[in-house]
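S.K.: If it helps, the file is called input.cif and holds mmCIF, C-alpha atoms:
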```cif
data_protein
#
loop_
_atom_site.label_atom_id
_atom_site.label_comp_id
_atom_site.auth_asym_id
_atom_site.auth_seq_id
_atom_site.Cartn_x
_atom_site.Cartn_y
_atom_site.Cartn_z
CA MET A 98 73.29 -63.86 10.91
CA THR A 99 76.24 -66.19 10.41
CA SER A 100 76.83 -68.43 7.40
CA GLN A 101 76.04 -71.42 9.62
CA GLU A 102 72.40 -70.40 9.57
CA LYS A 103 69.81 -70.80 6.82
CA ASN A 104 70.60 -69.70 3.27
CA TRP A 105 68.36 -67.32 1.35
CA LYS A 106 66.26 -70.08 -0.16
CA GLU A 107 65.34 -71.42 3.24
CA ILE A 108 64.44 -68.22 5.01
CA SER A 109 60.95 -66.82 4.93
CA PRO A 110 60.24 -64.36 2.07
CA ALA A 111 59.05 -61.74 4.57
CA GLY A 112 60.16 -60.82 8.05
CA VAL A 113 58.58 -62.94 10.74
CA CYS A 114 58.25 -61.68 14.29
CA TRP A 115 58.64 -64.85 16.29
CA LYS A 116 58.75 -63.70 19.89
CA SER A 117 55.67 -62.73 21.88
CA SER A 118 55.71 -59.17 23.12
CA ILE A 119 54.72 -60.32 26.59
CA GLN A 120 58.43 -60.96 26.96
CA PHE A 121 59.09 -57.27 26.45
CA LEU A 122 58.33 -55.45 29.66
CA THR A 123 57.18 -51.87 29.30
CA GLY A 124 56.60 -51.27 33.00
CA ASP A 125 59.76 -49.22 33.42
CA TRP A 126 58.31 -46.42 31.24
CA LYS A 127 56.11 -45.12 33.98
CA THR A 128 56.49 -42.08 36.20
CA TYR A 129 53.25 -42.63 38.10
CA THR A 130 52.07 -45.87 39.66
CA PRO A 131 48.40 -46.73 40.16
CA VAL A 132 47.46 -47.42 43.77
CA ARG A 133 44.02 -48.87 44.41
CA ASP A 134 41.82 -48.28 47.43
CA LEU A 135 40.50 -51.81 48.06
CA GLU A 136 37.53 -50.59 50.05
CA LYS A 137 36.30 -48.09 47.49
CA CYS A 138 36.76 -50.44 44.51
CA THR A 139 33.49 -52.00 43.36
CA ARG A 140 35.13 -54.43 40.85
CA CYS A 141 33.17 -52.91 37.98
CA LEU A 142 36.12 -53.88 35.71
CA LEU A 143 36.02 -50.70 33.64
CA CYS A 144 39.74 -50.22 34.23
CA VAL A 145 40.38 -53.75 32.92
CA LEU A 146 38.53 -52.89 29.71
CA PHE A 147 40.02 -49.44 29.20
CA CYS A 148 43.69 -50.17 29.97
CA PRO A 149 45.56 -49.75 26.65
CA ASP A 150 48.28 -52.13 27.81
CA GLY A 151 46.16 -54.92 29.20
CA ALA A 152 48.03 -54.41 32.45
CA ILE A 153 45.03 -54.91 34.71
CA HIS A 154 43.83 -58.49 35.02
CA TRP A 155 40.57 -59.84 36.33
CA LYS A 156 41.22 -62.90 38.50
CA PRO A 157 37.93 -64.83 38.73
CA GLU A 158 39.33 -67.24 41.33
CA LYS A 159 40.11 -64.35 43.69
CA GLY A 160 37.11 -62.28 42.68
CA ASP A 161 39.43 -59.32 42.38
CA ILE A 162 41.56 -57.40 39.91
CA GLU A 163 45.33 -57.26 39.84
CA PHE A 164 47.68 -54.65 38.40
CA ASP A 165 50.55 -56.01 36.35
CA LEU A 166 53.17 -53.33 36.92
CA ASN A 167 55.50 -55.08 34.48
CA PHE A 168 53.42 -53.57 31.67
CA CYS A 169 51.70 -50.53 33.21
CA LYS A 170 52.99 -47.37 31.49
CA GLY A 171 51.41 -45.12 34.12
CA CYS A 172 49.08 -43.29 31.73
CA GLY A 173 46.40 -42.85 34.40
CA ILE A 174 43.40 -43.83 32.24
CA CYS A 175 42.27 -46.26 34.97
CA ALA A 176 42.35 -43.52 37.63
CA ASN A 177 40.58 -41.04 35.35
CA GLU A 178 37.80 -43.45 34.33
CA CYS A 179 37.20 -45.08 37.73
CA PRO A 180 33.58 -44.24 38.61
CA VAL A 181 34.29 -44.27 42.37
CA ASN A 182 37.79 -42.72 42.26
CA ALA A 183 39.35 -45.76 43.85
CA ILE A 184 42.63 -45.44 41.93
CA GLU A 185 45.24 -42.82 42.66
CA MET A 186 48.33 -42.17 40.57
CA ARG A 187 51.39 -41.78 42.80
CA LEU A 188 54.77 -40.45 41.73
CA GLU A 189 57.24 -43.32 41.74
CA MET B 109 21.31 -61.42 10.11
CA PHE B 110 23.06 -60.98 13.45
CA SER B 111 23.35 -63.37 16.38
CA GLU B 112 21.97 -62.24 19.72
CA TRP B 113 25.30 -62.07 21.47
CA LYS B 114 24.95 -60.67 24.99
CA PHE B 115 27.90 -60.22 27.30
CA THR B 116 28.92 -58.70 30.61
CA ALA B 117 32.05 -56.78 31.53
CA LYS B 118 33.20 -59.85 33.45
CA GLU B 119 32.90 -62.11 30.41
CA ILE B 120 34.88 -59.67 28.31
CA ALA B 121 37.52 -59.33 31.03
CA GLU B 122 37.82 -63.11 31.23
CA LYS B 123 38.32 -63.54 27.49
CA PRO B 124 42.04 -63.83 26.77
CA ASP B 125 43.64 -60.83 25.08
CA LEU B 126 44.50 -61.37 21.43
CA PHE B 127 46.29 -58.04 21.26
CA LEU B 128 48.93 -58.65 23.89
CA SER B 129 50.66 -56.53 26.50
CA GLY B 130 54.19 -55.42 25.79
CA HIS B 131 53.35 -53.48 22.63
CA ARG B 132 55.17 -50.18 22.45
CA ALA B 133 52.35 -47.69 22.01
CA CYS B 134 52.65 -44.45 23.97
CA ALA B 135 51.17 -44.27 27.45
CA GLY B 136 47.47 -43.48 27.17
CA CYS B 137 47.14 -44.71 23.57
CA ALA B 138 43.43 -45.11 22.83
CA PRO B 139 43.96 -47.04 19.56
CA ALA B 140 45.58 -49.78 21.67
CA THR B 141 42.45 -49.92 23.84
CA VAL B 142 40.34 -50.06 20.69
CA LEU B 143 42.30 -53.02 19.33
CA ARG B 144 42.12 -54.90 22.63
CA LEU B 145 38.35 -54.44 22.71
CA ILE B 146 37.81 -55.33 19.05
CA MET B 147 39.87 -58.49 19.40
CA LYS B 148 37.53 -59.51 22.24
CA ALA B 149 34.70 -59.57 19.71
CA VAL B 150 36.09 -62.31 17.45
CA ARG B 151 33.99 -65.46 17.17
CA GLY B 152 36.62 -67.99 16.09
CA PRO B 153 39.69 -68.27 13.90
CA THR B 154 40.58 -64.79 12.66
CA ILE B 155 43.26 -63.36 10.38
CA VAL B 156 44.26 -59.74 10.78
CA THR B 157 45.94 -57.64 8.12
CA ASN B 158 47.33 -54.31 9.13
CA ALA B 159 48.27 -51.33 6.99
CA THR B 160 51.32 -49.33 7.96
CA GLY B 161 50.55 -47.00 10.81
CA CYS B 162 51.00 -46.56 14.53
CA MET B 163 49.40 -49.84 15.49
CA GLU B 164 51.50 -51.81 13.03
CA VAL B 165 54.70 -50.18 14.22
CA VAL B 166 54.11 -50.59 17.93
CA SER B 167 52.90 -54.17 17.73
CA SER B 168 55.57 -55.70 15.51
CA ILE B 169 58.99 -54.41 16.48
CA TYR B 170 61.33 -57.24 15.50
CA PRO B 171 61.47 -59.90 16.90
CA TYR B 172 58.44 -59.18 19.05
CA THR B 173 54.81 -59.40 18.03
CA SER B 174 51.80 -58.40 20.07
CA TRP B 175 49.38 -60.49 18.03
CA ALA B 176 48.05 -63.81 19.24
CA VAL B 177 46.34 -64.37 15.87
CA PRO B 178 47.79 -64.74 12.35
CA TRP B 179 48.72 -61.22 11.38
CA ILE B 180 50.20 -59.75 8.25
CA HIS B 181 51.64 -56.31 7.71
CA THR B 182 51.05 -54.64 4.40
CA ALA B 183 51.92 -51.30 2.83
CA PHE B 184 50.09 -48.10 3.67
CA GLU B 185 47.67 -48.25 0.77
CA ASN B 186 46.56 -51.86 0.52
CA ALA B 187 45.09 -53.23 3.74
CA ALA B 188 41.79 -53.77 1.94
CA ALA B 189 43.43 -55.31 -1.15
CA ASN B 190 45.31 -57.67 1.13
CA ALA B 191 42.12 -58.60 2.96
CA SER B 192 40.43 -59.38 -0.38
CA GLY B 193 43.30 -61.71 -1.25
CA ILE B 194 43.13 -63.48 2.09
CA GLU B 195 39.39 -63.87 1.83
CA SER B 196 39.59 -65.25 -1.73
CA ALA B 197 42.34 -67.69 -0.73
CA LEU B 198 40.26 -68.91 2.21
CA LYS B 199 37.29 -69.41 -0.09
CA ILE B 200 39.23 -71.59 -2.50
CA LEU B 201 40.92 -73.55 0.30
CA LYS B 202 37.52 -74.23 1.77
CA LYS B 203 36.19 -75.34 -1.60
CA LYS B 204 39.07 -77.80 -1.86
CA GLY B 205 38.31 -79.06 1.61
CA LYS B 206 41.59 -77.92 3.08
CA ILE B 207 39.92 -75.83 5.77
CA LYS B 208 37.60 -77.56 8.17
CA HIS B 209 36.47 -74.47 10.10
CA GLU B 210 32.97 -73.25 9.50
CA HIS B 211 34.23 -69.71 9.11
CA VAL B 212 37.57 -67.92 9.21
CA ASP B 213 37.15 -64.20 9.66
CA VAL B 214 39.28 -61.52 8.10
CA ILE B 215 39.86 -58.14 9.70
CA ALA B 216 41.68 -55.33 7.90
CA LEU B 217 43.06 -52.66 10.12
CA ALA B 218 44.21 -49.19 9.16
CA GLY B 219 44.56 -45.74 10.59
CA ASP B 220 43.07 -42.58 9.20
CA GLY B 221 46.04 -41.93 6.89
CA GLY B 222 45.79 -45.46 5.51
CA THR B 223 42.06 -45.08 4.94
CA TYR B 224 41.04 -41.49 4.23
CA ASP B 225 43.99 -40.68 1.98
CA ILE B 226 46.25 -43.49 0.86
CA GLY B 227 44.09 -46.59 1.18
CA ILE B 228 40.76 -45.37 -0.14
CA GLN B 229 41.06 -46.77 -3.67
CA ALA B 230 41.95 -50.25 -2.40
CA LEU B 231 39.12 -50.04 0.12
CA SER B 232 36.62 -48.81 -2.45
CA GLY B 233 37.59 -51.61 -4.84
CA ALA B 234 37.47 -54.33 -2.20
CA VAL B 235 34.00 -53.41 -0.98
CA GLU B 236 32.75 -53.04 -4.54
CA ARG B 237 33.90 -56.61 -5.24
CA GLY B 238 31.97 -57.62 -2.15
CA HIS B 239 34.65 -59.50 -0.23
CA ASP B 240 33.52 -60.72 3.18
CA PHE B 241 35.73 -58.88 5.67
CA LEU B 242 35.59 -56.28 8.40
CA TYR B 243 37.55 -53.10 7.80
CA VAL B 244 38.43 -51.28 11.00
CA LEU B 245 39.50 -47.67 10.76
CA TYR B 246 40.99 -46.40 14.01
CA ASP B 247 40.83 -42.68 13.59
CA ASN B 248 43.40 -40.67 15.53
CA GLU B 249 42.97 -37.78 13.12
CA ALA B 250 46.50 -37.37 11.67
CA TYR B 251 49.58 -39.32 10.62
CA MET B 252 50.76 -39.78 14.20
CA ASN B 253 53.39 -42.43 13.54
CA THR B 254 55.40 -40.29 11.12
CA GLY B 255 55.20 -37.09 13.14
CA ILE B 256 51.66 -35.68 13.28
CA GLN B 257 51.07 -34.61 9.67
CA ARG B 258 47.53 -33.61 8.71
CA SER B 259 45.36 -36.20 6.98
CA GLY B 260 41.90 -36.21 5.44
CA GLY B 261 40.66 -37.17 8.88
CA THR B 262 42.11 -34.16 10.68
CA PRO B 263 39.32 -31.83 11.81
CA PHE B 264 39.03 -28.15 10.96
CA GLY B 265 41.21 -25.93 13.14
CA ALA B 266 43.56 -28.63 14.43
CA SER B 267 47.22 -27.74 14.54
CA THR B 268 49.52 -30.38 13.06
CA THR B 269 53.11 -30.20 11.84
CA THR B 270 51.97 -29.69 8.25
CA SER B 271 49.10 -27.36 9.15
CA PRO B 272 50.71 -25.46 12.02
CA ALA B 273 48.69 -22.83 13.81
CA GLY B 274 50.59 -19.57 13.91
CA THR B 275 50.26 -16.01 12.69
CA VAL B 276 49.14 -17.03 9.20
CA ILE B 277 46.73 -19.97 9.52
CA PRO B 278 44.65 -21.27 12.43
CA GLY B 279 45.58 -24.92 11.94
CA LYS B 280 43.95 -27.07 9.28
CA LEU B 281 41.66 -25.07 6.99
CA GLN B 282 39.61 -27.96 5.60
CA ASN B 283 36.91 -30.11 7.13
CA LYS B 284 37.11 -33.74 8.14
CA LYS B 285 36.10 -36.02 5.30
CA PRO B 286 32.86 -37.93 6.08
CA ILE B 287 34.45 -41.30 5.36
CA ALA B 288 31.71 -43.45 6.92
CA ASP B 289 29.10 -41.77 4.70
CA ILE B 290 31.33 -42.46 1.71
CA MET B 291 31.29 -46.13 2.71
CA VAL B 292 27.50 -46.12 3.08
CA ALA B 293 27.36 -44.76 -0.47
CA HIS B 294 29.09 -47.97 -1.60
CA GLU B 295 25.88 -49.76 -0.59
CA ILE B 296 27.63 -52.29 1.62
CA PRO B 297 25.65 -54.26 4.22
CA TYR B 298 27.17 -52.80 7.37
CA VAL B 299 28.76 -49.47 8.29
CA ALA B 300 29.09 -48.19 11.84
CA THR B 301 30.89 -45.65 13.96
CA ALA B 302 32.07 -46.41 17.50
CA SER B 303 34.00 -44.92 20.36
CA PRO B 304 35.99 -46.85 23.02
CA PHE B 305 34.29 -45.19 26.00
CA TYR B 306 31.09 -46.92 24.89
CA TRP B 307 32.87 -50.27 24.97
CA ARG B 308 29.73 -52.39 24.84
CA ASP B 309 28.58 -50.58 21.72
CA LEU B 310 32.05 -50.95 20.17
CA ILE B 311 32.31 -54.70 20.83
CA THR B 312 28.77 -55.33 19.61
CA LYS B 313 29.43 -53.43 16.39
CA ALA B 314 32.73 -55.21 15.79
CA ARG B 315 30.94 -58.55 16.18
CA LYS B 316 28.17 -57.47 13.81
CA GLY B 317 30.78 -56.43 11.27
CA ILE B 318 32.44 -59.84 11.54
CA GLU B 319 29.17 -61.75 11.33
CA VAL B 320 27.68 -59.90 8.40
CA ASP B 321 27.95 -61.57 5.00
CA GLY B 322 29.90 -59.20 2.81
CA PRO B 323 32.06 -56.17 3.52
CA ALA B 324 31.64 -54.21 6.74
CA PHE B 325 33.23 -50.93 7.74
CA LEU B 326 33.79 -49.82 11.32
CA HIS B 327 34.98 -46.27 12.02
CA VAL B 328 36.37 -46.05 15.54
CA PHE B 329 37.30 -42.81 17.23
CA ALA B 330 40.71 -43.16 18.88
CA PRO B 331 42.25 -40.22 20.75
CA CYS B 332 46.04 -39.90 20.55
CA PRO B 333 47.59 -38.04 23.50
CA ARG B 334 50.87 -37.50 21.65
CA GLY B 335 49.42 -35.92 18.55
CA TRP B 336 46.48 -34.19 20.18
CA ARG B 337 48.79 -32.85 22.88
CA SER B 338 46.37 -33.94 25.53
CA ASP B 339 46.82 -35.56 28.94
CA PRO B 340 47.34 -39.35 28.48
CA ALA B 341 44.85 -39.99 31.28
CA LYS B 342 42.12 -38.15 29.32
CA SER B 343 42.16 -40.32 26.18
CA ILE B 344 39.04 -42.29 27.04
CA GLU B 345 37.34 -39.19 28.45
CA LEU B 346 37.94 -37.44 25.10
CA SER B 347 36.30 -40.34 23.30
CA ARG B 348 33.25 -39.78 25.50
CA LEU B 349 33.23 -35.99 25.01
CA ALA B 350 33.44 -36.35 21.23
CA VAL B 351 30.16 -38.27 21.34
CA GLU B 352 28.53 -35.99 23.91
CA THR B 353 29.34 -32.88 21.88
CA CYS B 354 28.11 -34.61 18.68
CA ILE B 355 31.51 -34.11 17.03
CA PHE B 356 31.59 -37.87 16.55
CA PRO B 357 28.02 -39.24 16.70
CA LEU B 358 27.53 -42.99 17.00
CA TRP B 359 25.35 -44.66 14.39
CA GLU B 360 25.12 -47.70 12.22
CA ALA B 361 23.80 -48.20 8.71
CA ILE B 362 22.48 -51.68 8.02
CA ASN B 363 21.92 -52.09 4.28
CA GLY B 364 22.02 -48.33 3.94
CA GLU B 365 19.38 -47.68 6.61
CA TYR B 366 20.83 -45.21 9.09
CA GLN B 367 19.99 -45.53 12.77
CA LEU B 368 21.46 -43.76 15.77
CA SER B 369 23.09 -45.87 18.47
CA THR B 370 21.98 -45.45 22.07
CA PRO B 371 24.60 -42.93 23.31
CA SER B 372 23.74 -40.56 20.46
CA LYS B 373 20.03 -41.35 20.46
CA VAL B 374 19.88 -40.09 24.03
CA LEU B 375 21.22 -36.73 22.81
CA ALA B 376 18.77 -36.63 19.91
CA LEU B 377 15.84 -37.18 22.26
CA ALA B 378 17.12 -34.79 24.95
CA PRO B 379 19.04 -32.03 23.10
CA GLN B 380 19.69 -30.16 26.37
CA LYS B 381 22.21 -32.89 27.24
CA LYS B 382 24.33 -32.06 24.20
CA LYS B 383 27.54 -30.36 25.32
CA PRO B 384 29.19 -27.37 23.64
CA VAL B 385 32.24 -28.26 21.51
CA ARG B 386 34.46 -25.98 23.62
CA GLU B 387 34.43 -28.60 26.38
CA TYR B 388 35.98 -31.09 24.00
CA LEU B 389 38.39 -28.62 22.37
CA LYS B 390 39.82 -27.11 25.53
CA LEU B 391 41.34 -30.43 26.70
CA GLN B 392 43.58 -30.61 23.63
CA GLY B 393 46.79 -28.75 22.91
CA ARG B 394 46.21 -29.00 19.16
CA PHE B 395 43.27 -26.59 19.59
CA ARG B 396 45.03 -24.33 22.09
CA HIS B 397 45.25 -21.42 19.62
CA LEU B 398 41.44 -21.36 19.34
CA PHE B 399 41.33 -19.98 22.86
CA THR B 400 43.49 -16.94 22.03
CA PRO B 401 41.78 -13.64 21.06
CA LYS B 402 43.05 -13.88 17.45
CA PHE B 403 41.28 -17.13 16.58
CA GLU B 404 38.51 -17.13 19.16
CA LYS B 405 35.74 -16.87 16.58
CA LEU B 406 36.74 -20.23 15.11
CA THR B 407 35.26 -22.20 18.00
CA GLU B 408 31.88 -20.82 16.91
CA GLU B 409 32.65 -21.95 13.38
CA ILE B 410 33.47 -25.45 14.66
CA GLN B 411 30.22 -25.46 16.64
CA ARG B 412 28.33 -24.45 13.50
CA ILE B 413 29.93 -27.19 11.38
CA THR B 414 29.24 -29.77 14.10
CA ASP B 415 25.60 -28.74 14.46
CA GLU B 416 25.09 -28.77 10.72
CA ARG B 417 26.50 -32.29 10.42
CA TRP B 418 24.47 -33.46 13.41
CA GLN B 419 21.23 -32.12 11.88
CA ARG B 420 22.03 -33.79 8.59
CA LEU B 421 22.60 -37.08 10.40
CA LEU B 422 19.32 -36.73 12.30
CA ARG B 423 17.50 -36.27 9.01
CA LYS B 424 19.14 -39.42 7.64
CA CYS B 425 18.05 -41.32 10.74
CA GLY B 426 14.53 -39.92 10.43
CA MET B 427 14.76 -38.25 13.83
CA THR B 428 13.75 -34.70 12.99
#
```
Show me this structure written as structure tokens.

M.R.:
Amino acid sequence: MTSQEKNWKEISPAGVCWKSSIQFLTGDWKTYTPVRDLEKCTRCLLCVLFCPDGAIHWKPEKGDIEFDLNFCKGCGICANECPVNAIEMRLE
Amino acid sequence: MFSEWKFTAKEIAEKPDLFLSGHRACAGCAPATVLRLIMKAVRGPTIVTNATGCMEVVSSIYPYTSWAVPWIHTAFENAAANASGIESALKILKKKGKIKHEHVDVIALAGDGGTYDIGIQALSGAVERGHDFLYVLYDNEAYMNTGIQRSGGTPFGASTTTSPAGTVIPGKLQNKKPIADIMVAHEIPYVATASPFYWRDLITKARKGIEVDGPAFLHVFAPCPRGWRSDPAKSIELSRLAVETCIFPLWEAINGEYQLSTPSKVLALAPQKKKPVREYLKLQGRFRHLFTPKFEKLTEEIQRITDERWQRLLRKCGMT
């Protein structure tokens, strides 16, 4: 912080996180990438609910789900929980 | 007392996330799934206060925040005290007519360290004073964020860095503290346990906890692949196995009246479906030593403790 900026009386008494974390991409953490078999997938949306990173989106206008690989950390929960085994984790 | 809120997976998937992507939890972090699901249960304006712990650290690394709701970090011990303050302030602001909303909900969030050990006096005081808030305990069974130290929530036999399994001890020597029963003993209107695999049950309970007038306590099981030394892909599977083996039964106590929730009720009515605890233990590296000849007998001990607790719970629910 330079002296040009706010003085101590003007700044907030506690730290304020001001940037949304959706600007911080975590997709490069992964070793495995989820690959979906479009024919097997029943669109039950369990993977959307279970994904810890919210990296699988339900697109009502398309009637389909979409992986957001910018955030996927490759944990494989989606593949493990898929009731019809439509998701495979492939080494990047 | 509760609204008849029914929902489908599609409706939940369509609701915008309030716990956003880009948080820095480990791959396969079940607490992150738990938070995403709980934040889908909110009914309107909500304020979240978070004790120190994994979920606070990963969601608020400066200058980034993963929260799409007003959120305040507090010290390890006072999530509940903070929630009482927020609730009281809202009450007075409403009285003065400065808040137009019909209700603003308060959620306090803490891990097992911040609840079982450090935060219990603040929690006990806040619920005794009867503040209207939902306290969510995401239980990953040790202090994961500081390096896997044992907590009051760590189960018997688990190896952690401060209860290491080796030639002298077989991991933690004490039992898991029955925190939800302690909360029922405070005679608060709503106490429940939940597990992310049963997502419908979890979301329903979170909503009930928000809706209820007065303090509510929600104990959520949240596997941690880093600390449990398990496969990240198995986190949600572990949360299912914990219920199926009756290590973590699902129930709710409304005004002190215990009742089993469906996933556990099924096991009470058809005991042959109950799985042996070994199936749950063998997926986790923290219990690896229990499968060596030296400590093999301890799995039987864990089975005995689990069965005993399960029977006690069945008696409380009037199911024996």

S.K.: Between B:Glu352, B:Glu409, B:Asp247, B:Asp339, which one has atoms that come closest to Lys381 in chain B, using only C-alpha atoms?

M.R.: B:Glu352

S.K.: Select all residues from chain B having any atom no more than 9 Å from an atom of chain A (counting only C-alpha atoms, ignoring ligands), output as an NGL selection string.

M.R.: :B and (117-118 or 120-122 or 125 or 127-145 or 167-176 or 304-305 or 307 or 339-345)

S.K.: Between CA of Lys137 in chain A and CA of Ala183 in chain A, what is the distance in Å, rounded to a tenth?

M.R.: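 These two atoms are separated by 5.3 Å.
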
S.K.: Once the PyMOL selection byres ((chain B and resi 318) around 8) has been applied to the shown file, what residues remain in the selection, as a PyMOL selection string?

M.R.: chain B and resi 150+213-215+241-242+314-317+319-320+324

S.K.: In Å to one decimal, how far is CA of Ser369 in chain B from CA of Gly221 in chain B?

M.R.: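 Interatomic distance, CA of Gly221 in chain B to CA of Ser369 in chain B: 26.0 Å.
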
S.K.: Could you check how far CA of Gly233 in chain B sits from CA of Ile180 in chain B, in Å to one decimal?

M.R.: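 Pair CA of Gly233 in chain B / CA of Ile180 in chain B returns 19.9 Å.
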
S.K.: Name all residues at most 8 Å from Val132 in chain A (count only C-alpha atoms; drop same-chain ones fewer than 3 positions away) and give them as a list in words.

M.R.: Ile184, Glu185, Met186 and Arg187 of chain A

S.K.: Please check which residues have atoms at most 9 Å from (33.1, -43.8, 42.3) in the file's coordinates, counting all atoms listed in the file, and write them as a PDB file with C-alpha atoms, keeping the file's coordinate frame.

M.R.:
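Done, and the output landed in out26.pdb:
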```pdb
ATOM      1  CA  LYS A 137      36.300 -48.090  47.490  1.00  0.00           C
ATOM      2  CA  CYS A 138      36.760 -50.440  44.510  1.00  0.00           C
ATOM      3  CA  THR A 139      33.490 -52.000  43.360  1.00  0.00           C
ATOM      4  CA  CYS A 179      37.200 -45.080  37.730  1.00  0.00           C
ATOM      5  CA  PRO A 180      33.580 -44.240  38.610  1.00  0.00           C
ATOM      6  CA  VAL A 181      34.290 -44.270  42.370  1.00  0.00           C
ATOM      7  CA  ASN A 182      37.790 -42.720  42.260  1.00  0.00           C
ATOM      8  CA  ALA A 183      39.350 -45.760  43.850  1.00  0.00           C
TER       9      ALA A 183
END
```

S.K.: Taking the file as shown, find all residues satisfying the PyMOL selection byres ((chain B and resi 390) around 12) and write them as an mmCIF file with C-alpha atoms, in the frame of the given file.

M.R.:
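Printed below is part34.cif as written:
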```
data_model
loop_
_atom_site.group_PDB
_atom_site.id
_atom_site.type_symbol
_atom_site.label_atom_id
_atom_site.label_comp_id
_atom_site.auth_asym_id
_atom_site.auth_seq_id
_atom_site.Cartn_x
_atom_site.Cartn_y
_atom_site.Cartn_z
ATOM 1 C CA ALA B 266 43.560 -28.630 14.430
ATOM 2 C CA TRP B 336 46.480 -34.190 20.180
ATOM 3 C CA ARG B 337 48.790 -32.850 22.880
ATOM 4 C CA SER B 338 46.370 -33.940 25.530
ATOM 5 C CA ASP B 339 46.820 -35.560 28.940
ATOM 6 C CA LYS B 342 42.120 -38.150 29.320
ATOM 7 C CA LEU B 346 37.940 -37.440 25.100
ATOM 8 C CA LEU B 349 33.230 -35.990 25.010
ATOM 9 C CA PRO B 384 29.190 -27.370 23.640
ATOM 10 C CA VAL B 385 32.240 -28.260 21.510
ATOM 11 C CA ARG B 386 34.460 -25.980 23.620
ATOM 12 C CA GLU B 387 34.430 -28.600 26.380
ATOM 13 C CA TYR B 388 35.980 -31.090 24.000
ATOM 14 C CA LEU B 389 38.390 -28.620 22.370
ATOM 15 C CA LEU B 391 41.340 -30.430 26.700
ATOM 16 C CA GLN B 392 43.580 -30.610 23.630
ATOM 17 C CA GLY B 393 46.790 -28.750 22.910
ATOM 18 C CA ARG B 394 46.210 -29.000 19.160
ATOM 19 C CA PHE B 395 43.270 -26.590 19.590
ATOM 20 C CA ARG B 396 45.030 -24.330 22.090
ATOM 21 C CA HIS B 397 45.250 -21.420 19.620
ATOM 22 C CA LEU B 398 41.440 -21.360 19.340
ATOM 23 C CA PHE B 399 41.330 -19.980 22.860
ATOM 24 C CA THR B 400 43.490 -16.940 22.030
ATOM 25 C CA GLU B 404 38.510 -17.130 19.160
ATOM 26 C CA THR B 407 35.260 -22.200 18.000
#
```

S.K.: Please write the residues picked by the PyMOL selection byres ((chain B and resi 410-416) around 8) on this file as a tab-separated table (two decimals) with C-alpha atoms, in the frame of the given file.

M.R.:
```tsv
chain	number	residue	atom	x	y	z
B	264	PHE	CA	39.03	-28.15	10.96
B	265	GLY	CA	41.21	-25.93	13.14
B	354	CYS	CA	28.11	-34.61	18.68
B	355	ILE	CA	31.51	-34.11	17.03
B	384	PRO	CA	29.19	-27.37	23.64
B	385	VAL	CA	32.24	-28.26	21.51
B	406	LEU	CA	36.74	-20.23	15.11
B	407	THR	CA	35.26	-22.20	18.00
B	408	GLU	CA	31.88	-20.82	16.91
B	409	GLU	CA	32.65	-21.95	13.38
B	417	ARG	CA	26.50	-32.29	10.42
B	418	TRP	CA	24.47	-33.46	13.41
B	419	GLN	CA	21.23	-32.12	11.88
B	420	ARG	CA	22.03	-33.79	8.59
```

S.K.: How big is the axis-aligned box, and where does its centre sit, when it encloses all atoms of range 186-203 of chain B listed in the file and has 3 Å added on every side, reported in Å to one decimal as lines of an AutoDock Vina configuration file?

M.R.:
```
center_x = 41.4
center_y = -63.6
center_z = 0.6
size_x = 16.4
size_y = 29.5
size_z = 12.2
```

S.K.: Could you pull the residues within 9 Å of Pro323 in chain B, counting only C-alpha atoms, minus those fewer than 4 positions along the same chain, as a list in words?

M.R.: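 Residues near the query, excluding close chain neighbours: Ala234, Val235, Glu236, Arg237, Gly238, His239, Asp240, Phe241, Leu242, Tyr243, Ile296, Pro297, Tyr298, Val299, Gly317 and Ile318 of chain B.
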
S.K.: Hey, which of B:Ile200, B:Val156, B:Ala273, B:Leu358 ends up closest to Ala300 in chain B? Count only C-alpha atoms.

M.R.: B:Leu358
